[in-house]
Amino acid sequence: MVTPFHANIGKLYAFAFLQKTLFPMAIITLFWKDHIGLSLTEILVLQGIFSAATVLLEYPSGYVSDRLGYRTALSIATVIGTAGWGLYTVAGSFGEVLAAEILLGTALSFISGSDSALLYETLLAEGKEGQYARYEGRVNGFSQTGEALGALFAGVMYAAMPLLPFFLQIGVWAAAFSVVRTMKEPPRDTGISTHSHLGEALRITSYAFLDNRRLRAIILLNTLLGIASFYPVWLIQPYMRENGVPLAWFGPAWAGANLMVAVFALASHRVHASLGDRKGIFLFCAMILAGYAGLGLVGGTLGFLFYYLLTAMRGLRGPIFLHYTQNESRSSERASILSLQSLSFRIAFIVSGPLVGRLADRMGVQQAFHVLLYGFLLLLPLLSWLFLRNVARTDESRP
């Protein structure tokens with residue numbers, strides 16, 4: 001059934017592509033180190049503060065999105081994000097970079113949950129919600145393709161003019177705003193069960209982390225898998241430099257990593273249908289451990305290729321775990337619960353990120369990956385068991 005909201009799907013693909021066409025990302029760590037003068041510890045502290053800014057607004061923005069509309073939340077995000085990238089063009093100190101990152105974190109908090117919730121509600125209006133993982137995989141595919149294309153010539157642009165990637169980024173986010181304004185909000189339940197917004201927010205939080213053991217297990221494992229693929233995002237560039245990878249390779253290497261995410265996101269629903277929950281979780285764990293083992297023990301000019309195992313895992317994981325979460329959510333609280341899931345990830349990074357940065361500064365990036373391997377060897381089996389005990393055993397057929 002085609003509805004007046006069907007065009008949202010294509011527009012969400014376009015928004016995902018534009019949002020993740022991040023020209024600076026392939027060289028951002030080098031920019032911070034070379035032009036701002038930050039250490040790896042300061043960089044991970046900076047990202048911890050970025051996550052803290054996101055945390056402060058993560059759940060409130062999701063709640064606002066549920067009440068005021070997903071399009072409104074995405075519009076707010078694109079305006080704030082454009083301002084954040086604009087500030088980068090004049091930044092010259094830790095404080096100015098921090099201000100830009102806080103703006104970008106605020107923008108991300110308004111996007112988080114709103115885009116996925118809008119996709120699910122659009123599919124629900126068309127009677128296609130059972131195919132959500134397939135469509136979410138396509139969204140991820142477009143987003144990672146955008147990031148790959150943005151990164152392809154980032155090293156060359158950075159070498160020619162360090163601020164060029166940031167100027168281009170402003171135009172991309174302005175285009176994303178134009179796309180968002182043409183989307184349509186599907187009809188849905190936006191009511192609350194109490195007279196207090198605070199009371200309703202607390203009720204949803206309790207539901208996600210205390211009352212619904214299935215949802216709690218999903219969020220906890222998804223957080224750990226997300227963290228495993230996130231540390232290397234900020235460490236892989238200095239890792240490549242430590243191992244003598246030429247600067248001209250940085251853009252194509254980053255593009256290749258994001259294409260891995262895109263390809264595996266598109267294939268995620270088929271892989272899960274073939275493997276099921278238990279084998280799928282085992283595959284995620286194996287990819288993480290093999291990736292960290294390679295980064296920590298092998299090294300060399302091509303050692304960064306083990307990072308691709310982690311980006312492949314990220315692509316497979318995203319649509320599958322979002323579908324789990326969507327299935328445990330009602331329309332009136334969908335963006336709120338998705339934001340709580342992102343909140344869990346952000347808090348985990350705030351706590352652990354600066355410690356990982358300090359470890360990398362003291363021991364070297366390669367040795368830091370080696371140490372992290374043992375941490376994941378301890379945590380992955382525990383949270384995987386909790387997930388399989390609460391989710392897979394009673395719901396082996398669900399994606």
# chains A, B, ... in the order shown; residues from 1 in each chain; ligands from 1
>>> residues_around(residues="range 338-354 of chain A", least_positions_apart="4", cutoff="9 Å", atoms="only C-alpha atoms", output="PyMOL selection string")
chain A and resi 40-52+54-56+58-63+109-110+112-114+116-117+205+208+218-220+222-224+226-227+230-231+322+325-326+329+333-334+358-359
>>> write_last_selection(atoms="C-alpha atoms", output="tab-separated table (two decimals), in the first residue's frame")
chain	number	residue	atom	x	y	z
A	40	LEU	CA	45.41	11.70	22.13
A	41	THR	CA	44.29	12.00	25.75
A	42	GLU	CA	42.81	15.45	25.01
A	43	ILE	CA	41.16	14.11	21.87
A	44	LEU	CA	39.44	11.30	23.76
A	45	VAL	CA	38.51	13.76	26.53
A	46	LEU	CA	37.07	16.02	23.83
A	47	GLN	CA	35.00	13.14	22.50
A	48	GLY	CA	33.96	12.29	26.04
A	49	ILE	CA	32.65	15.85	26.45
A	50	PHE	CA	30.98	15.55	23.03
A	51	SER	CA	29.26	12.43	24.31
A	52	ALA	CA	28.33	14.21	27.55
A	54	THR	CA	24.84	14.39	23.57
A	55	VAL	CA	23.86	12.58	26.77
A	56	LEU	CA	22.38	15.71	28.34
A	58	GLU	CA	19.78	12.55	24.13
A	59	TYR	CA	16.67	11.52	26.02
A	60	PRO	CA	15.04	14.99	26.22
A	61	SER	CA	15.44	15.42	22.46
A	62	GLY	CA	13.92	12.00	21.83
A	63	TYR	CA	11.02	12.85	24.11
A	109	SER	CA	21.04	14.10	19.86
A	110	PHE	CA	18.10	15.47	17.87
A	112	SER	CA	19.29	10.08	17.19
A	113	GLY	CA	16.10	8.08	17.21
A	114	SER	CA	14.10	10.61	15.18
A	116	SER	CA	14.78	5.69	12.65
A	117	ALA	CA	11.42	6.35	14.30
A	205	THR	CA	13.21	5.00	31.42
A	208	ALA	CA	13.60	0.30	29.18
A	218	ILE	CA	19.22	-5.66	23.87
A	219	ILE	CA	20.46	-2.23	24.99
A	220	LEU	CA	23.37	-3.58	27.04
A	222	ASN	CA	24.19	-3.21	21.63
A	223	THR	CA	26.13	-0.73	23.77
A	224	LEU	CA	29.14	-3.04	24.06
A	226	GLY	CA	28.88	-0.18	19.54
A	227	ILE	CA	31.79	0.72	21.83
A	230	PHE	CA	33.81	3.18	18.12
A	231	TYR	CA	37.22	3.26	19.83
A	322	LEU	CA	17.45	-1.37	15.80
A	325	THR	CA	14.46	-2.22	19.84
A	326	GLN	CA	11.68	-1.03	17.54
A	329	SER	CA	8.60	0.12	21.55
A	333	GLU	CA	7.64	6.40	23.00
A	334	ARG	CA	9.62	5.10	20.02
A	358	ARG	CA	45.50	7.91	28.08
A	359	LEU	CA	46.41	4.28	27.48
>>> residues_around(residues="range 294-301 of chain A", least_positions_apart="3", cutoff="10 Å", atoms="only C-alpha atoms", output="PyMOL selection string")
chain A and resi 232+236+239-246+288-291+304-307+309+365-373
>>> closest_atom_pairs(of="range 246-349 of chain A", to="range 21-27 of chain A", cutoff="9 Å", atoms="only C-alpha atoms", output="tab-separated table")
residue	atom	partner	partner_atom	distance
A:Phe250	CA	A:Ala26	CA	6.5
A:Gly251	CA	A:Ala26	CA	5.7
A:Pro252	CA	A:Ala26	CA	8.9
A:Ala253	CA	A:Ala26	CA	8.5
A:Trp254	CA	A:Ala26	CA	5.7
A:Ala255	CA	A:Ala26	CA	8.1
>>> write_last_selection(atoms="C-alpha atoms", output="short mmCIF file (atom, residue, chain, number, x, y, z; two decimals), in the first residue's frame")
data_model
loop_
_atom_site.label_atom_id
_atom_site.label_comp_id
_atom_site.auth_asym_id
_atom_site.auth_seq_id
_atom_site.Cartn_x
_atom_site.Cartn_y
_atom_site.Cartn_z
CA PHE A 250 44.08 8.03 4.64
CA GLY A 251 41.10 9.13 2.56
CA PRO A 252 40.76 5.91 0.53
CA ALA A 253 41.31 3.80 3.68
CA TRP A 254 38.53 5.66 5.50
CA ALA A 255 36.32 5.39 2.43
#
>>> residues_around(residues="range 139-156 of chain A", least_positions_apart="2", cutoff="9 Å", atoms="only C-alpha atoms", output="PyMOL selection string")
chain A and resi 9+12-27+134-137+158-161+165+247-266+315+318-319
>>> select_by_dssp(residues="range 38-257 of chain A", states="alpha helix (DSSP H)", output="PyMOL selection string")
chain A and resi 40-68+70-88+94-111+114-125+132-152+154-160+164-180+197-206+213-242+250-257
>>> closest_residue(among="A:Tyr324, A:Phe209, A:Tyr308, A:Phe387", to="Ser229 in chain A", atoms="only C-alpha atoms")
A:Tyr308
>>> closest_residue(among="A:Gln131, A:Leu316, A:Ala217, A:Gly92", to="Leu275 in chain A", atoms="only C-alpha atoms")
A:Leu316
>>> residues_around(residues="Ser384 in chain A", least_positions_apart="2", cutoff="12 Å", atoms="only C-alpha atoms", output="PyMOL selection string")
chain A and resi 217-225+277-286+376-382+386-392
>>> write_last_selection(atoms="N, CA and C atoms", output="JSON list (two decimals), in the first residue's frame")
[["chain", "number", "residue", "atom", "x", "y", "z"],
["A", 217, "ALA", "N", 18.42, -6.28, 27.95],
["A", 217, "ALA", "CA", 19.48, -7.12, 27.39],
["A", 217, "ALA", "C", 19.90, -6.63, 26.01],
["A", 218, "ILE", "N", 18.92, -6.19, 25.21],
["A", 218, "ILE", "CA", 19.22, -5.66, 23.87],
["A", 218, "ILE", "C", 20.09, -4.42, 23.98],
["A", 219, "ILE", "N", 19.72, -3.48, 24.85],
["A", 219, "ILE", "CA", 20.46, -2.23, 24.99],
["A", 219, "ILE", "C", 21.88, -2.47, 25.49],
["A", 220, "LEU", "N", 22.04, -3.34, 26.47],
["A", 220, "LEU", "CA", 23.37, -3.58, 27.04],
["A", 220, "LEU", "C", 24.32, -4.20, 26.02],
["A", 221, "LEU", "N", 23.88, -5.22, 25.30],
["A", 221, "LEU", "CA", 24.76, -5.84, 24.32],
["A", 221, "LEU", "C", 25.03, -4.89, 23.16],
["A", 222, "ASN", "N", 24.00, -4.17, 22.72],
["A", 222, "ASN", "CA", 24.19, -3.21, 21.63],
["A", 222, "ASN", "C", 25.19, -2.14, 22.02],
["A", 223, "THR", "N", 25.17, -1.72, 23.28],
["A", 223, "THR", "CA", 26.13, -0.73, 23.77],
["A", 223, "THR", "C", 27.55, -1.25, 23.67],
["A", 224, "LEU", "N", 27.79, -2.47, 24.11],
["A", 224, "LEU", "CA", 29.14, -3.04, 24.06],
["A", 224, "LEU", "C", 29.62, -3.22, 22.62],
["A", 225, "LEU", "N", 28.76, -3.72, 21.75],
["A", 225, "LEU", "CA", 29.14, -3.88, 20.35],
["A", 225, "LEU", "C", 29.44, -2.53, 19.71],
["A", 277, "ASP", "N", 19.76, -15.83, 15.70],
["A", 277, "ASP", "CA", 20.31, -15.03, 16.78],
["A", 277, "ASP", "C", 21.64, -15.57, 17.30],
["A", 278, "ARG", "N", 21.68, -16.83, 17.66],
["A", 278, "ARG", "CA", 22.86, -17.37, 18.34],
["A", 278, "ARG", "C", 24.10, -17.32, 17.46],
["A", 279, "LYS", "N", 24.00, -17.81, 16.24],
["A", 279, "LYS", "CA", 25.15, -17.78, 15.35],
["A", 279, "LYS", "C", 25.52, -16.35, 14.98],
["A", 280, "GLY", "N", 24.50, -15.48, 14.87],
["A", 280, "GLY", "CA", 24.78, -14.08, 14.56],
["A", 280, "GLY", "C", 25.57, -13.40, 15.66],
["A", 281, "ILE", "N", 25.19, -13.62, 16.92],
["A", 281, "ILE", "CA", 25.92, -13.03, 18.03],
["A", 281, "ILE", "C", 27.33, -13.60, 18.10],
["A", 282, "PHE", "N", 27.47, -14.89, 17.87],
["A", 282, "PHE", "CA", 28.80, -15.50, 17.85],
["A", 282, "PHE", "C", 29.66, -14.85, 16.76],
["A", 283, "LEU", "N", 29.06, -14.58, 15.60],
["A", 283, "LEU", "CA", 29.80, -13.94, 14.51],
["A", 283, "LEU", "C", 30.26, -12.54, 14.93],
["A", 284, "PHE", "N", 29.38, -11.75, 15.56],
["A", 284, "PHE", "CA", 29.76, -10.42, 16.03],
["A", 284, "PHE", "C", 30.97, -10.50, 16.96],
["A", 285, "CYS", "N", 30.90, -11.40, 17.93],
["A", 285, "CYS", "CA", 31.99, -11.54, 18.91],
["A", 285, "CYS", "C", 33.30, -11.94, 18.22],
["A", 286, "ALA", "N", 33.21, -12.89, 17.28],
["A", 286, "ALA", "CA", 34.40, -13.36, 16.58],
["A", 286, "ALA", "C", 35.04, -12.23, 15.77],
["A", 376, "PHE", "N", 37.52, -7.02, 26.00],
["A", 376, "PHE", "CA", 36.38, -7.56, 25.26],
["A", 376, "PHE", "C", 36.26, -9.08, 25.44],
["A", 377, "LEU", "N", 37.37, -9.75, 25.64],
["A", 377, "LEU", "CA", 37.32, -11.19, 25.92],
["A", 377, "LEU", "C", 36.54, -11.47, 27.21],
["A", 378, "LEU", "N", 36.58, -10.54, 28.16],
["A", 378, "LEU", "CA", 35.85, -10.72, 29.41],
["A", 378, "LEU", "C", 34.38, -10.32, 29.30],
["A", 379, "LEU", "N", 34.10, -9.22, 28.61],
["A", 379, "LEU", "CA", 32.74, -8.66, 28.61],
["A", 379, "LEU", "C", 31.82, -9.26, 27.56],
["A", 380, "LEU", "N", 32.33, -9.59, 26.39],
["A", 380, "LEU", "CA", 31.47, -10.08, 25.32],
["A", 380, "LEU", "C", 30.72, -11.36, 25.69],
["A", 381, "PRO", "N", 31.39, -12.38, 26.26],
["A", 381, "PRO", "CA", 30.64, -13.60, 26.60],
["A", 381, "PRO", "C", 29.52, -13.34, 27.61],
["A", 382, "LEU", "N", 29.76, -12.46, 28.58],
["A", 382, "LEU", "CA", 28.77, -12.19, 29.62],
["A", 382, "LEU", "C", 27.50, -11.55, 29.05],
["A", 386, "LEU", "N", 23.59, -13.00, 28.37],
["A", 386, "LEU", "CA", 22.40, -12.31, 28.88],
["A", 386, "LEU", "C", 21.41, -12.05, 27.76],
["A", 387, "PHE", "N", 21.90, -11.63, 26.61],
["A", 387, "PHE", "CA", 21.03, -11.37, 25.46],
["A", 387, "PHE", "C", 20.36, -12.65, 24.99],
["A", 388, "LEU", "N", 21.15, -13.69, 24.79],
["A", 388, "LEU", "CA", 20.60, -14.94, 24.26],
["A", 388, "LEU", "C", 19.61, -15.58, 25.24],
["A", 389, "ARG", "N", 19.87, -15.43, 26.52],
["A", 389, "ARG", "CA", 18.99, -15.99, 27.53],
["A", 389, "ARG", "C", 17.63, -15.29, 27.55],
["A", 390, "ASN", "N", 17.62, -13.97, 27.34],
["A", 390, "ASN", "CA", 16.39, -13.20, 27.46],
["A", 390, "ASN", "C", 15.67, -12.94, 26.15],
["A", 391, "VAL", "N", 16.41, -12.95, 25.04],
["A", 391, "VAL", "CA", 15.81, -12.57, 23.76],
["A", 391, "VAL", "C", 15.72, -13.73, 22.80],
["A", 392, "ALA", "N", 16.86, -14.33, 22.49],
["A", 392, "ALA", "CA", 16.88, -15.33, 21.42],
["A", 392, "ALA", "C", 16.09, -16.58, 21.78]]
>>> closest_residue(among="A:Leu68, A:Met287, A:Ala7, A:Ala133", to="Lys184 in chain A", atoms="only C-alpha atoms")
A:Ala7
>>> atom_distance(atom1="CA of Leu164 in chain A", atom2="CA of Ile76 in chain A")
25.0 Å
>>> atom_distance(atom1="CA of Ile36 in chain A", atom2="CA of Met157 in chain A")
17.8 Å
